[in-house]
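Engineer: Contents of target.csv (CSV, C-alpha atoms and all ligand atoms) are below:
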```csv
chain,number,residue,atom,x,y,z
A,1,MET,CA,0.0,83.0,163.9
A,2,HIS,CA,2.2,81.9,161.0
A,3,THR,CA,6.0,82.3,161.1
A,4,ILE,CA,7.4,85.5,159.6
A,5,ASP,CA,10.3,83.8,157.9
A,6,LEU,CA,13.0,86.4,157.0
A,7,ARG,CA,15.8,83.9,156.7
A,8,SER,CA,15.9,83.9,152.9
A,9,ASP,CA,13.8,84.5,149.8
A,10,THR,CA,14.3,80.8,149.1
A,11,VAL,CA,11.5,80.0,151.5
A,12,THR,CA,8.9,81.4,149.2
A,13,LEU,CA,6.1,79.1,148.2
A,14,PRO,CA,4.5,78.8,144.8
A,15,THR,CA,1.6,81.1,144.1
A,16,LYS,CA,-1.9,80.0,143.2
A,17,GLU,CA,-1.2,80.8,139.5
A,18,MET,CA,1.9,78.6,139.7
A,19,ARG,CA,0.0,75.7,141.1
A,20,GLU,CA,-2.6,76.0,138.3
A,21,ALA,CA,0.1,76.3,135.7
A,22,ILE,CA,1.8,73.2,137.2
A,23,SER,CA,-1.3,71.1,137.0
A,24,ASN,CA,-2.0,72.1,133.4
A,25,ALA,CA,1.6,71.8,132.1
A,26,GLU,CA,2.2,69.9,128.9
A,27,LEU,CA,5.1,67.5,129.5
A,28,GLY,CA,7.7,65.5,127.7
A,29,ASP,CA,11.2,64.1,128.1
A,30,ASP,CA,13.5,67.1,128.5
A,31,VAL,CA,16.7,65.1,128.1
A,32,PHE,CA,15.4,64.5,124.6
A,33,GLN,CA,14.5,68.2,124.5
A,34,GLU,CA,10.9,67.2,124.1
A,35,ASP,CA,9.3,68.9,127.1
A,36,PRO,CA,7.3,71.7,125.5
A,37,THR,CA,7.0,73.7,128.8
A,38,ILE,CA,10.7,73.6,129.4
A,39,ASN,CA,11.3,74.5,125.8
A,40,ASN,CA,9.0,77.5,126.2
A,41,LEU,CA,10.7,78.6,129.5
A,42,GLU,CA,14.1,78.4,127.9
A,43,LYS,CA,13.0,80.5,124.9
A,44,LEU,CA,11.4,83.0,127.3
A,45,ALA,CA,14.5,83.3,129.4
A,46,ALA,CA,16.7,83.7,126.3
A,47,LYS,CA,14.4,86.4,125.0
A,48,LYS,CA,14.3,88.3,128.3
A,49,PHE,CA,18.1,88.4,128.5
A,50,ASN,CA,18.6,88.9,124.8
A,51,LYS,CA,20.9,85.9,124.5
A,52,GLU,CA,20.7,83.2,121.8
A,53,ALA,CA,19.8,80.4,124.1
A,54,ALA,CA,19.1,79.2,127.7
A,55,ILE,CA,19.1,75.9,129.6
A,56,PHE,CA,16.9,75.0,132.6
A,57,LEU,CA,18.8,73.6,135.6
A,58,PRO,CA,17.6,72.3,139.0
A,59,SER,CA,19.3,74.9,141.1
A,60,GLY,CA,21.4,78.1,141.1
A,61,THR,CA,24.3,76.1,142.4
A,62,MET,CA,24.2,73.8,139.4
A,63,ALA,CA,23.7,76.7,137.0
A,64,ASN,CA,26.9,78.3,138.3
A,65,LEU,CA,28.7,75.0,138.3
A,66,VAL,CA,27.7,74.2,134.7
A,67,ALA,CA,28.7,77.7,133.7
A,68,VAL,CA,32.1,77.4,135.1
A,69,LEU,CA,32.6,73.9,133.8
A,70,THR,CA,31.6,75.0,130.3
A,71,HIS,CA,33.8,78.1,130.3
A,72,CYS,CA,36.9,76.4,131.9
A,73,ASN,CA,39.1,73.4,131.3
A,74,ARG,CA,40.6,71.6,134.3
A,75,GLY,CA,43.5,73.6,135.7
A,76,ASP,CA,42.1,77.0,134.5
A,77,GLU,CA,41.7,79.8,136.9
A,78,VAL,CA,38.5,81.7,137.7
A,79,ILE,CA,38.6,85.2,139.3
A,80,LEU,CA,35.7,85.8,141.7
A,81,GLY,CA,34.9,87.7,144.8
A,82,ASP,CA,35.9,86.5,148.3
A,83,GLN,CA,32.2,87.0,149.4
A,84,SER,CA,30.7,85.4,146.3
A,85,HIS,CA,28.1,82.7,146.7
A,86,THR,CA,30.1,80.5,144.3
A,87,PHE,CA,33.2,80.7,146.4
A,88,LEU,CA,31.5,80.5,149.8
A,89,TYR,CA,28.4,78.4,149.6
A,90,GLU,CA,28.6,76.1,146.6
A,91,ALA,CA,30.5,73.3,148.4
A,92,GLY,CA,33.6,74.0,146.4
A,93,GLY,CA,32.1,72.3,143.3
A,94,ILE,CA,34.1,74.2,140.8
A,95,SER,CA,37.2,72.7,142.2
A,96,SER,CA,36.0,69.2,143.2
A,97,PHE,CA,34.0,68.6,139.9
A,98,GLY,CA,35.8,70.9,137.5
A,99,GLY,CA,39.4,71.0,138.7
A,100,VAL,CA,39.1,74.8,138.4
A,101,HIS,CA,41.4,76.9,140.5
A,102,SER,CA,39.7,79.9,142.2
A,103,ARG,CA,41.4,83.3,142.7
A,104,GLN,CA,39.4,85.1,145.3
A,105,LEU,CA,39.6,88.9,145.3
A,106,LYS,CA,38.2,91.3,147.9
A,107,ASN,CA,34.5,92.2,147.4
A,108,HIS,CA,33.8,95.7,148.4
A,109,ASN,CA,30.6,96.5,150.4
A,110,ASP,CA,28.8,97.3,147.1
A,111,GLY,CA,29.5,93.9,145.6
A,112,THR,CA,32.2,95.1,143.2
A,113,ILE,CA,35.7,93.9,143.0
A,114,SER,CA,38.3,96.7,142.2
A,115,LEU,CA,39.1,96.8,138.5
A,116,ASN,CA,42.7,97.2,139.4
A,117,ASP,CA,42.7,94.1,141.5
A,118,ILE,CA,41.1,92.2,138.6
A,119,LYS,CA,43.7,93.5,136.2
A,120,ASN,CA,46.6,92.6,138.6
A,121,ALA,CA,45.2,89.1,139.2
A,122,ILE,CA,45.2,88.1,135.5
A,123,ARG,CA,48.1,85.8,135.0
A,124,LYS,CA,50.9,86.1,132.4
A,125,LYS,CA,51.3,83.1,130.1
A,126,ASP,CA,53.9,81.2,132.0
A,127,VAL,CA,54.4,77.6,132.8
A,128,HIS,CA,54.1,78.4,136.6
A,129,PHE,CA,50.6,79.8,136.4
A,130,PRO,CA,47.1,78.4,135.8
A,131,PRO,CA,45.6,80.1,132.7
A,132,SER,CA,43.2,82.9,133.7
A,133,ARG,CA,40.0,82.0,131.9
A,134,LEU,CA,36.9,83.5,133.5
A,135,ILE,CA,35.7,86.3,135.8
A,136,CYS,CA,32.5,85.7,137.8
A,137,LEU,CA,30.4,88.6,139.2
A,138,GLU,CA,27.3,88.4,141.4
A,139,ASN,CA,24.3,90.6,140.9
A,140,THR,CA,22.7,91.4,143.2
A,141,HIS,CA,25.4,90.5,145.7
A,142,ASN,CA,24.0,88.4,148.5
A,143,ARG,CA,26.7,88.9,151.2
A,144,CYS,CA,27.3,92.6,150.2
A,145,PHE,CA,24.0,94.0,151.4
A,146,GLY,CA,22.0,92.7,148.4
A,147,MET,CA,23.6,95.5,146.3
A,148,PRO,CA,23.0,95.7,142.6
A,149,LEU,CA,25.9,96.1,140.2
A,150,GLU,CA,25.7,99.1,137.9
A,151,ILE,CA,25.8,98.4,134.1
A,152,ASN,CA,28.9,100.6,133.7
A,153,TYR,CA,30.8,98.5,136.3
A,154,THR,CA,29.9,95.2,134.6
A,155,ASN,CA,30.9,96.6,131.2
A,156,ALA,CA,34.2,97.7,132.6
A,157,VAL,CA,34.9,94.2,133.9
A,158,VAL,CA,33.8,92.8,130.5
A,159,ASP,CA,36.4,95.2,128.8
A,160,ILE,CA,39.2,93.8,131.0
A,161,ALA,CA,38.1,90.3,130.2
A,162,LYS,CA,38.0,90.8,126.5
A,163,ASN,CA,41.4,92.5,126.4
A,164,ASN,CA,42.7,89.3,128.1
A,165,ASN,CA,40.9,86.7,126.1
A,166,MET,CA,38.7,85.9,129.1
A,167,SER,CA,35.0,85.5,129.6
A,168,VAL,CA,32.5,86.9,132.1
A,169,HIS,CA,29.8,84.9,133.9
A,170,VAL,CA,27.2,86.7,136.1
A,171,ASP,CA,25.6,84.8,139.0
A,172,GLY,CA,22.3,86.7,138.7
A,173,ALA,CA,20.4,84.6,141.2
A,174,ARG,CA,18.6,87.9,142.1
A,175,ILE,CA,19.2,89.8,138.8
A,176,PHE,CA,15.5,90.7,138.6
A,177,ASN,CA,16.0,92.5,142.0
A,178,ALA,CA,19.0,94.3,140.4
A,179,ALA,CA,16.9,95.4,137.5
A,180,VAL,CA,14.2,96.9,139.7
A,181,ALA,CA,16.8,98.6,141.9
A,182,THR,CA,18.7,100.1,139.0
A,183,GLY,CA,15.7,100.9,136.8
A,184,SER,CA,17.3,98.8,134.0
A,185,THR,CA,16.2,95.6,132.2
A,186,VAL,CA,17.9,92.3,132.9
A,187,ALA,CA,19.0,92.3,129.3
A,188,ASP,CA,20.7,95.7,129.7
A,189,LEU,CA,22.4,94.6,132.9
A,190,THR,CA,23.9,91.6,131.2
A,191,LYS,CA,24.2,92.8,127.6
A,192,ASN,CA,27.9,92.4,127.2
A,193,VAL,CA,28.6,89.4,129.5
A,194,ASP,CA,29.1,86.0,128.0
A,195,THR,CA,26.7,84.1,130.3
A,196,VAL,CA,24.2,84.8,133.1
A,197,SER,CA,22.4,82.4,135.5
A,198,PHE,CA,19.3,83.4,137.4
A,199,CYS,CA,17.1,81.7,140.0
A,200,LEU,CA,13.3,81.2,139.7
A,201,SER,CA,13.1,80.0,143.3
A,202,LYS,CA,14.1,83.1,145.3
A,203,GLY,CA,12.2,86.4,145.0
A,204,LEU,CA,10.4,85.0,141.9
A,205,SER,CA,8.8,82.4,144.2
A,206,ALA,CA,8.9,79.3,142.0
A,207,PRO,CA,9.5,76.0,143.8
A,208,SER,CA,12.7,75.2,142.0
A,209,GLY,CA,15.0,75.9,139.1
A,210,SER,CA,17.4,78.2,137.5
A,211,LEU,CA,18.3,79.2,133.9
A,212,LEU,CA,21.7,79.7,132.3
A,213,CYS,CA,21.7,82.0,129.3
A,214,GLY,CA,24.4,82.5,126.7
A,215,ASP,CA,25.2,81.9,123.0
A,216,LYS,CA,23.9,78.7,121.2
A,217,ASN,CA,27.2,77.0,121.1
A,218,PHE,CA,27.8,77.6,124.8
A,219,ILE,CA,24.4,76.3,125.8
A,220,HIS,CA,24.8,73.2,123.6
A,221,ARG,CA,28.0,72.4,125.5
A,222,ALA,CA,26.4,73.2,128.8
A,223,ARG,CA,23.8,70.6,128.1
A,224,PHE,CA,26.5,67.9,128.2
A,225,ASN,CA,27.8,69.2,131.5
A,226,ARG,CA,24.3,69.3,133.0
A,227,LYS,CA,23.7,65.7,131.9
A,228,ALA,CA,27.1,64.6,133.4
A,229,LEU,CA,26.2,66.2,136.7
A,230,GLY,CA,22.9,64.4,136.8
A,231,GLY,CA,20.8,67.5,136.1
A,232,GLY,CA,18.8,66.1,133.1
A,233,MET,CA,15.4,66.0,134.7
A,234,ARG,CA,12.9,64.4,132.2
A,235,GLN,CA,9.3,65.7,132.7
A,236,ALA,CA,10.5,68.8,134.6
A,237,GLY,CA,8.0,70.9,132.8
A,238,ILE,CA,6.0,70.8,136.0
A,239,LEU,CA,8.7,73.0,137.4
A,240,ALA,CA,9.1,75.1,134.3
A,241,ALA,CA,5.4,75.9,134.3
A,242,ALA,CA,5.8,77.7,137.6
A,243,GLY,CA,9.0,79.3,136.2
A,244,ILE,CA,7.1,80.9,133.4
A,245,VAL,CA,4.6,82.4,135.9
A,246,ALA,CA,7.7,83.5,138.0
A,247,ILE,CA,9.1,85.5,135.1
A,248,ASP,CA,5.8,86.8,133.7
A,249,ILE,CA,4.1,87.8,136.9
A,250,MET,CA,6.4,87.7,139.9
A,251,SER,CA,9.2,89.8,138.4
A,252,GLU,CA,6.7,92.7,138.4
A,253,LYS,CA,6.0,92.3,142.1
A,254,ILE,CA,9.6,92.4,143.4
A,255,ILE,CA,9.3,96.2,143.9
A,256,GLU,CA,7.0,95.4,146.9
A,257,ASP,CA,9.8,93.4,148.6
A,258,HIS,CA,12.2,96.3,148.2
A,259,LEU,CA,9.7,98.7,149.7
A,260,ASN,CA,9.1,96.4,152.6
A,261,ALA,CA,12.9,96.0,153.1
A,262,LYS,CA,13.3,99.8,153.2
A,263,ALA,CA,10.4,100.1,155.7
A,264,LEU,CA,11.8,97.4,157.9
A,265,ALA,CA,15.4,98.7,157.9
A,266,GLY,CA,14.1,102.3,158.5
A,267,GLY,CA,12.0,101.1,161.4
A,268,ILE,CA,14.6,99.0,163.3
A,269,ALA,CA,17.4,101.5,162.5
A,270,LYS,CA,15.9,103.8,165.1
A,271,ILE,CA,16.4,101.3,167.9
A,272,ASP,CA,19.4,101.8,170.2
A,273,GLY,CA,21.6,98.7,169.9
A,274,ILE,CA,20.9,98.1,166.2
A,275,ILE,CA,23.2,99.4,163.6
A,276,ILE,CA,22.1,99.5,160.0
A,277,GLU,CA,23.5,101.5,157.1
A,278,THR,CA,20.1,102.2,155.6
A,279,GLU,CA,21.5,103.8,152.5
A,280,LYS,CA,22.8,100.3,151.5
A,281,ILE,CA,19.3,98.8,151.5
A,282,ASN,CA,18.4,98.9,147.8
A,283,THR,CA,16.8,95.5,147.3
A,284,ASN,CA,15.3,92.8,149.5
A,285,ILE,CA,18.3,92.1,151.7
A,286,ILE,CA,19.0,93.8,155.0
A,287,TYR,CA,22.1,93.3,157.2
A,288,PHE,CA,22.4,94.8,160.7
A,289,LYS,CA,24.8,94.7,163.5
A,290,LEU,CA,23.9,94.1,167.1
A,291,ASP,CA,25.7,96.3,169.6
A,292,HIS,CA,23.9,96.4,172.9
A,293,PRO,CA,25.3,95.9,176.5
A,294,LYS,CA,22.5,93.6,177.6
A,295,VAL,CA,21.4,91.7,174.4
A,296,ASN,CA,23.5,89.0,172.8
A,297,SER,CA,22.7,87.1,169.6
A,298,GLU,CA,21.3,84.0,171.3
A,299,LEU,CA,18.8,86.2,173.3
A,300,LEU,CA,17.8,88.2,170.3
A,301,LEU,CA,17.2,85.1,168.1
A,302,GLU,CA,15.4,83.2,170.8
A,303,THR,CA,13.2,86.1,171.8
A,304,MET,CA,12.2,86.8,168.3
A,305,GLY,CA,11.7,83.1,167.6
A,306,LYS,CA,9.1,83.0,170.4
A,307,LYS,CA,7.4,85.8,168.6
A,308,ASN,CA,7.4,83.7,165.4
A,309,ILE,CA,10.1,85.9,163.7
A,310,ARG,CA,12.9,84.0,162.1
A,311,PHE,CA,16.2,85.3,160.6
A,312,PHE,CA,19.9,84.3,160.4
A,313,GLU,CA,23.0,85.4,162.2
A,314,LEU,CA,25.6,85.3,159.3
A,315,GLY,CA,28.6,86.4,161.4
A,316,PRO,CA,29.2,87.3,165.0
A,317,ASN,CA,26.5,89.8,166.0
A,318,TRP,CA,25.8,90.3,162.3
A,319,PHE,CA,22.3,89.4,161.0
A,320,ARG,CA,20.4,89.2,157.8
A,321,LEU,CA,16.8,89.8,157.1
A,322,VAL,CA,15.3,89.0,153.7
A,323,THR,CA,11.9,90.2,152.4
A,324,HIS,CA,10.0,88.3,149.8
A,325,SER,CA,6.5,87.5,148.5
A,326,GLY,CA,5.6,85.7,151.8
A,327,ILE,CA,6.1,88.9,153.8
A,328,SER,CA,3.4,91.5,153.9
A,329,LYS,CA,3.5,95.2,155.0
A,330,GLU,CA,1.5,94.1,158.2
A,331,ASN,CA,4.3,91.6,158.9
A,332,ILE,CA,6.9,94.3,158.6
A,333,ASP,CA,5.0,96.5,161.1
A,334,TYR,CA,4.7,93.6,163.5
A,335,VAL,CA,8.4,92.9,163.3
A,336,ILE,CA,9.3,96.5,163.9
A,337,GLY,CA,6.9,96.6,166.9
A,338,GLU,CA,8.4,93.4,168.4
A,339,PHE,CA,12.0,94.6,167.9
A,340,ASP,CA,11.1,97.9,169.5
A,341,SER,CA,9.4,96.5,172.6
A,342,PHE,CA,12.1,94.0,173.1
A,343,PHE,CA,15.0,96.5,173.0
A,344,SER,CA,13.1,99.1,175.0
A,345,GLN,CA,12.7,96.6,177.8
A,346,ALA,CA,16.2,95.1,177.7
B,401,LIG,C1,23.8,84.7,144.9
B,401,LIG,C2,23.4,83.3,144.9
B,401,LIG,N1,23.8,82.5,143.9
B,401,LIG,C3,23.5,81.2,143.8
B,401,LIG,C4,22.7,80.6,144.8
B,401,LIG,C5,22.3,79.1,144.7
B,401,LIG,O1,21.0,78.9,144.5
B,401,LIG,P1,20.4,77.4,144.9
B,401,LIG,O2,20.1,77.5,146.3
B,401,LIG,O3,19.2,77.3,144.0
B,401,LIG,O4,21.4,76.4,144.6
B,401,LIG,C6,22.2,81.4,145.8
B,401,LIG,C7,21.3,80.8,146.9
B,401,LIG,O5,20.9,81.4,147.8
B,401,LIG,C8,22.6,82.8,145.9
B,401,LIG,O6,22.2,83.6,146.9
```
Take the structure in the file and give it back as structure tokens.
Structural biologist:
Amino acid sequence: MHTIDLRSDTVTLPTKEMREAISNAELGDDVFQEDPTINNLEKLAAKKFNKEAAIFLPSGTMANLVAVLTHCNRGDEVILGDQSHTFLYEAGGISSFGGVHSRQLKNHNDGTISLNDIKNAIRKKDVHFPPSRLICLENTHNRCFGMPLEINYTNAVVDIAKNNNMSVHVDGARIFNAAVATGSTVADLTKNVDTVSFCLSKGLSAPSGSLLCGDKNFIHRARFNRKALGGGMRQAGILAAAGIVAIDIMSEKIIEDHLNAKALAGGIAKIDGIIIETEKINTNIIYFKLDHPKVNSELLLETMGKKNIRFFELGPNWFRLVTHSGISKENIDYVIGEFDSFFSQA
């Protein structure tokens, strides 16, 4: 039996259509901007997000890094959430490579940062303070239950930024999930922000790559930063070919991952010892707490591992399950069944 890998949607494998597109891709040197497949993908992304331009990057981490480096000068300050991916999981690149100072504000469980906290964190012009330059949001929010941000919230943050001569970048690694969950388009969700990055290699199932979208001048400058970081990839149209399929086809299928997540959360929420706030499950990410007198994390992970079910503990007794294109409805039923029988015998 194959492993039911609920660790992340980054484990998704390219689809048959992607493999075909890869083998037929027309290629060129993308550092010279001569790879027709990359050029097509960048145009497609810009159109989807209704921005002037887009640039292809090897990863979501590099897309966020290039965004921050392009928005900020050394010594500038970026306001971001204390649970954000850029703050927690991107190896501190914005400070080590960009000399950018981070101001971390509390993320609420829905992925937002309080508007008042943002206003209060913006620095006065004073020789003691780093200039506040950029606000980063994350949509959907990975650590905050995969919650999507509402358009009105994002727009309110943009208003604060504009009133203070600041810019807004959205880490939209899973923005297509947010679009499905909120019934909006990705363009509407990011209409007023300056830049947005999104990943092809998560719920959209491409093997690698992210795009950063913004105005022409910004993307032109981002190209220099991508090159400086070693992200100019020559005949990377083989990746872009899969990326085009990801946007055209896989973005339509994300709804299935959300339905599977809801079914899985609903199924295991009934088990004594598992605590899930099921109302928070709006996309493909589930968090649950373990609270059982006879079961600890090691035992749970080990027992499920033996049943070919994998997932992560992201904090003490706090676990994450992520649905994606490699997980079927049958897999969900199997996982619920295995959880059920394990806890009922514990
Ligand atoms: C919200 C978010 N942003 C950015 C990234 C980084 O993407 P990558 O793994 O492609 O560097 C991730 C990866 O999981 C993520 O969850």
Engineer: Nearest to Asp188 in chain A: which of A:Ala263, A:Lys48, A:Asp171, A:Ser96 is it, counting only C-alpha atoms?
Structural biologist: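 When distances to Asp188 in chain A are compared using only C-alpha atoms, the smallest one comes from A:Lys48.
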Engineer: Can you list every residue of chain A that has an atom at most 9 Å from ligand LIG 401 (chain B), with its nearest atom pair and the distance in Å to one decimal, using all atoms listed in the file, ordered by chain then number, as a Markdown table?
Structural biologist:
```
| residue | atom | partner | partner_atom | distance |
| --- | --- | --- | --- | --- |
| A:Ser8 | CA | B:LIG401 | O5 | 7.6 |
| A:Asp9 | CA | B:LIG401 | O5 | 8.0 |
| A:Thr10 | CA | B:LIG401 | O5 | 6.8 |
| A:Pro58 | CA | B:LIG401 | O3 | 7.2 |
| A:Ser59 | CA | B:LIG401 | O3 | 3.8 |
| A:Gly60 | CA | B:LIG401 | O1 | 3.5 |
| A:Thr61 | CA | B:LIG401 | O4 | 3.7 |
| A:Met62 | CA | B:LIG401 | O4 | 6.5 |
| A:Ala63 | CA | B:LIG401 | O4 | 7.9 |
| A:Asn64 | CA | B:LIG401 | C3 | 7.1 |
| A:Ser84 | CA | B:LIG401 | C1 | 7.1 |
| A:His85 | CA | B:LIG401 | C2 | 5.1 |
| A:Thr86 | CA | B:LIG401 | N1 | 6.6 |
| A:Tyr89 | CA | B:LIG401 | C4 | 7.8 |
| A:Glu90 | CA | B:LIG401 | C5 | 7.2 |
| A:Glu138 | CA | B:LIG401 | C1 | 6.2 |
| A:Asn139 | CA | B:LIG401 | C1 | 7.1 |
| A:Thr140 | CA | B:LIG401 | C1 | 7.0 |
| A:His141 | CA | B:LIG401 | C1 | 6.1 |
| A:Asn142 | CA | B:LIG401 | C1 | 5.2 |
| A:Arg143 | CA | B:LIG401 | C1 | 8.1 |
| A:Gly146 | CA | B:LIG401 | C1 | 8.9 |
| A:Asp171 | CA | B:LIG401 | N1 | 5.7 |
| A:Gly172 | CA | B:LIG401 | C1 | 6.7 |
| A:Ala173 | CA | B:LIG401 | N1 | 4.8 |
| A:Arg174 | CA | B:LIG401 | C1 | 6.7 |
| A:Ser197 | CA | B:LIG401 | C3 | 8.5 |
| A:Phe198 | CA | B:LIG401 | N1 | 8.0 |
| A:Cys199 | CA | B:LIG401 | O3 | 6.3 |
| A:Leu200 | CA | B:LIG401 | O3 | 8.3 |
| A:Ser201 | CA | B:LIG401 | O3 | 6.7 |
| A:Lys202 | CA | B:LIG401 | O5 | 7.4 |
| A:Ser208 | CA | B:LIG401 | O3 | 7.1 |
| A:Gly209 | CA | B:LIG401 | O3 | 6.6 |
| A:Ser210 | CA | B:LIG401 | O3 | 6.8 |
```
Engineer: Go ahead and find all residues with at least one atom no further than 12 Å from (8.6, 99.2, 152.8) in the file's coordinates, using all atoms listed in the file; report them as a ChimeraX atom specification.
Structural biologist: /A:254-267,281-284,286,323-324,327-333,336
Engineer: Go ahead and write the residues just picked, C-alpha atoms, as an mmCIF file, in the frame of the given file.
Structural biologist:
```cif
data_model
loop_
_atom_site.group_PDB
_atom_site.id
_atom_site.type_symbol
_atom_site.label_atom_id
_atom_site.label_comp_id
_atom_site.auth_asym_id
_atom_site.auth_seq_id
_atom_site.Cartn_x
_atom_site.Cartn_y
_atom_site.Cartn_z
ATOM 1 C CA ILE A 254 9.600 92.400 143.400
ATOM 2 C CA ILE A 255 9.300 96.200 143.900
ATOM 3 C CA GLU A 256 7.000 95.400 146.900
ATOM 4 C CA ASP A 257 9.800 93.400 148.600
ATOM 5 C CA HIS A 258 12.200 96.300 148.200
ATOM 6 C CA LEU A 259 9.700 98.700 149.700
ATOM 7 C CA ASN A 260 9.100 96.400 152.600
ATOM 8 C CA ALA A 261 12.900 96.000 153.100
ATOM 9 C CA LYS A 262 13.300 99.800 153.200
ATOM 10 C CA ALA A 263 10.400 100.100 155.700
ATOM 11 C CA LEU A 264 11.800 97.400 157.900
ATOM 12 C CA ALA A 265 15.400 98.700 157.900
ATOM 13 C CA GLY A 266 14.100 102.300 158.500
ATOM 14 C CA GLY A 267 12.000 101.100 161.400
ATOM 15 C CA ILE A 281 19.300 98.800 151.500
ATOM 16 C CA ASN A 282 18.400 98.900 147.800
ATOM 17 C CA THR A 283 16.800 95.500 147.300
ATOM 18 C CA ASN A 284 15.300 92.800 149.500
ATOM 19 C CA ILE A 286 19.000 93.800 155.000
ATOM 20 C CA THR A 323 11.900 90.200 152.400
ATOM 21 C CA HIS A 324 10.000 88.300 149.800
ATOM 22 C CA ILE A 327 6.100 88.900 153.800
ATOM 23 C CA SER A 328 3.400 91.500 153.900
ATOM 24 C CA LYS A 329 3.500 95.200 155.000
ATOM 25 C CA GLU A 330 1.500 94.100 158.200
ATOM 26 C CA ASN A 331 4.300 91.600 158.900
ATOM 27 C CA ILE A 332 6.900 94.300 158.600
ATOM 28 C CA ASP A 333 5.000 96.500 161.100
ATOM 29 C CA ILE A 336 9.300 96.500 163.900
#
```
Engineer: Please determine, counting all atoms listed in the file, which residue among A:Val295, A:Ser167, A:Asn308, A:Phe319 has the shortest atom-to-atom distance to Ser344 in chain A.
Structural biologist: A:Val295
Engineer: Please report the interatomic distance between CA of Ile160 in chain A and CA of Lys119 in chain A in Å with one decimal.
Structural biologist: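 For CA of Ile160 in chain A relative to CA of Lys119 in chain A, the distance reads 6.9 Å.
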Engineer: When you count all atoms listed in the file, which of these residues is closest to Tyr334 in chain A: A:Ala91, A:Ala179, A:Ala346, A:Ile268?
Structural biologist: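 Counting all atoms listed in the file, the residue closest to Tyr334 in chain A is A:Ile268.
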Engineer: May I ask which of the residues A:Val158, A:Lys216, A:Asp110, A:Ala241 is the closest one to Ser23 in chain A, counting only C-alpha atoms?
Structural biologist: A:Ala241
Engineer: Find the distance between CA of Leu239 in chain A and CA of Val11 in chain A and write it in Å to one decimal.
Structural biologist: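 Interatomic distance, CA of Leu239 in chain A to CA of Val11 in chain A: 16.0 Å.
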Engineer: Grab the CA of Lys51 in chain A to CA of Val186 in chain A distance for me, in Å with one decimal place.
Structural biologist: 11.0 Å
Engineer: Pick from A:Ile118, A:Val157, A:Cys72, A:Ala53: nearest to Leu105 in chain A, with all atoms listed in the file counted?
Structural biologist: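 With all atoms listed in the file as the atom set, the closest residue is A:Ile118.
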Engineer: Hey, what's within 12 Å of Lys307 in chain A if we count all atoms listed in the file and toss same-chain stuff fewer than 6 positions away? As a PyMOL selection string, please?
Structural biologist: chain A and resi 1-5+300-301+331+334-339+341-342
Engineer: Go through A:Lys289, A:Lys125, A:Lys47, A:Arg133 and flag the residue nearest Glu77 in chain A, using only C-alpha atoms for the distances.
Structural biologist: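 Answer, going by the shortest atom-to-atom distance: A:Arg133.
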Engineer: Contacts of Glu252 in chain A at 10 Å or less, counting only C-alpha atoms, minus same-chain residues fewer than 4 places along, as an MDAnalysis selection string?
Structural biologist: chainID A and resid 176:177 180 204 246:248 256
Engineer: List the neighbours of Val31 in chain A out to 10 Å using all atoms listed in the file; skip same-chain residues closer than 2 positions along the sequence, and give me the result as JSON, numbers by chain.
Structural biologist: {"A": [28, 29, 33, 34, 35, 223, 226, 227, 231, 232, 233, 234, 235, 236]}
Engineer: Save out the residues we just selected, C-alpha atoms, as a PDB file, keeping the file's coordinate frame.
Structural biologist:
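Wrote again_19.pdb, looks like this:
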```pdb
ATOM      1  CA  GLY A  28       7.700  65.500 127.700  1.00  0.00           C
ATOM      2  CA  ASP A  29      11.200  64.100 128.100  1.00  0.00           C
ATOM      3  CA  GLN A  33      14.500  68.200 124.500  1.00  0.00           C
ATOM      4  CA  GLU A  34      10.900  67.200 124.100  1.00  0.00           C
ATOM      5  CA  ASP A  35       9.300  68.900 127.100  1.00  0.00           C
ATOM      6  CA  ARG A 223      23.800  70.600 128.100  1.00  0.00           C
ATOM      7  CA  ARG A 226      24.300  69.300 133.000  1.00  0.00           C
ATOM      8  CA  LYS A 227      23.700  65.700 131.900  1.00  0.00           C
ATOM      9  CA  GLY A 231      20.800  67.500 136.100  1.00  0.00           C
ATOM     10  CA  GLY A 232      18.800  66.100 133.100  1.00  0.00           C
ATOM     11  CA  MET A 233      15.400  66.000 134.700  1.00  0.00           C
ATOM     12  CA  ARG A 234      12.900  64.400 132.200  1.00  0.00           C
ATOM     13  CA  GLN A 235       9.300  65.700 132.700  1.00  0.00           C
ATOM     14  CA  ALA A 236      10.500  68.800 134.600  1.00  0.00           C
TER      15      ALA A 236
END
```
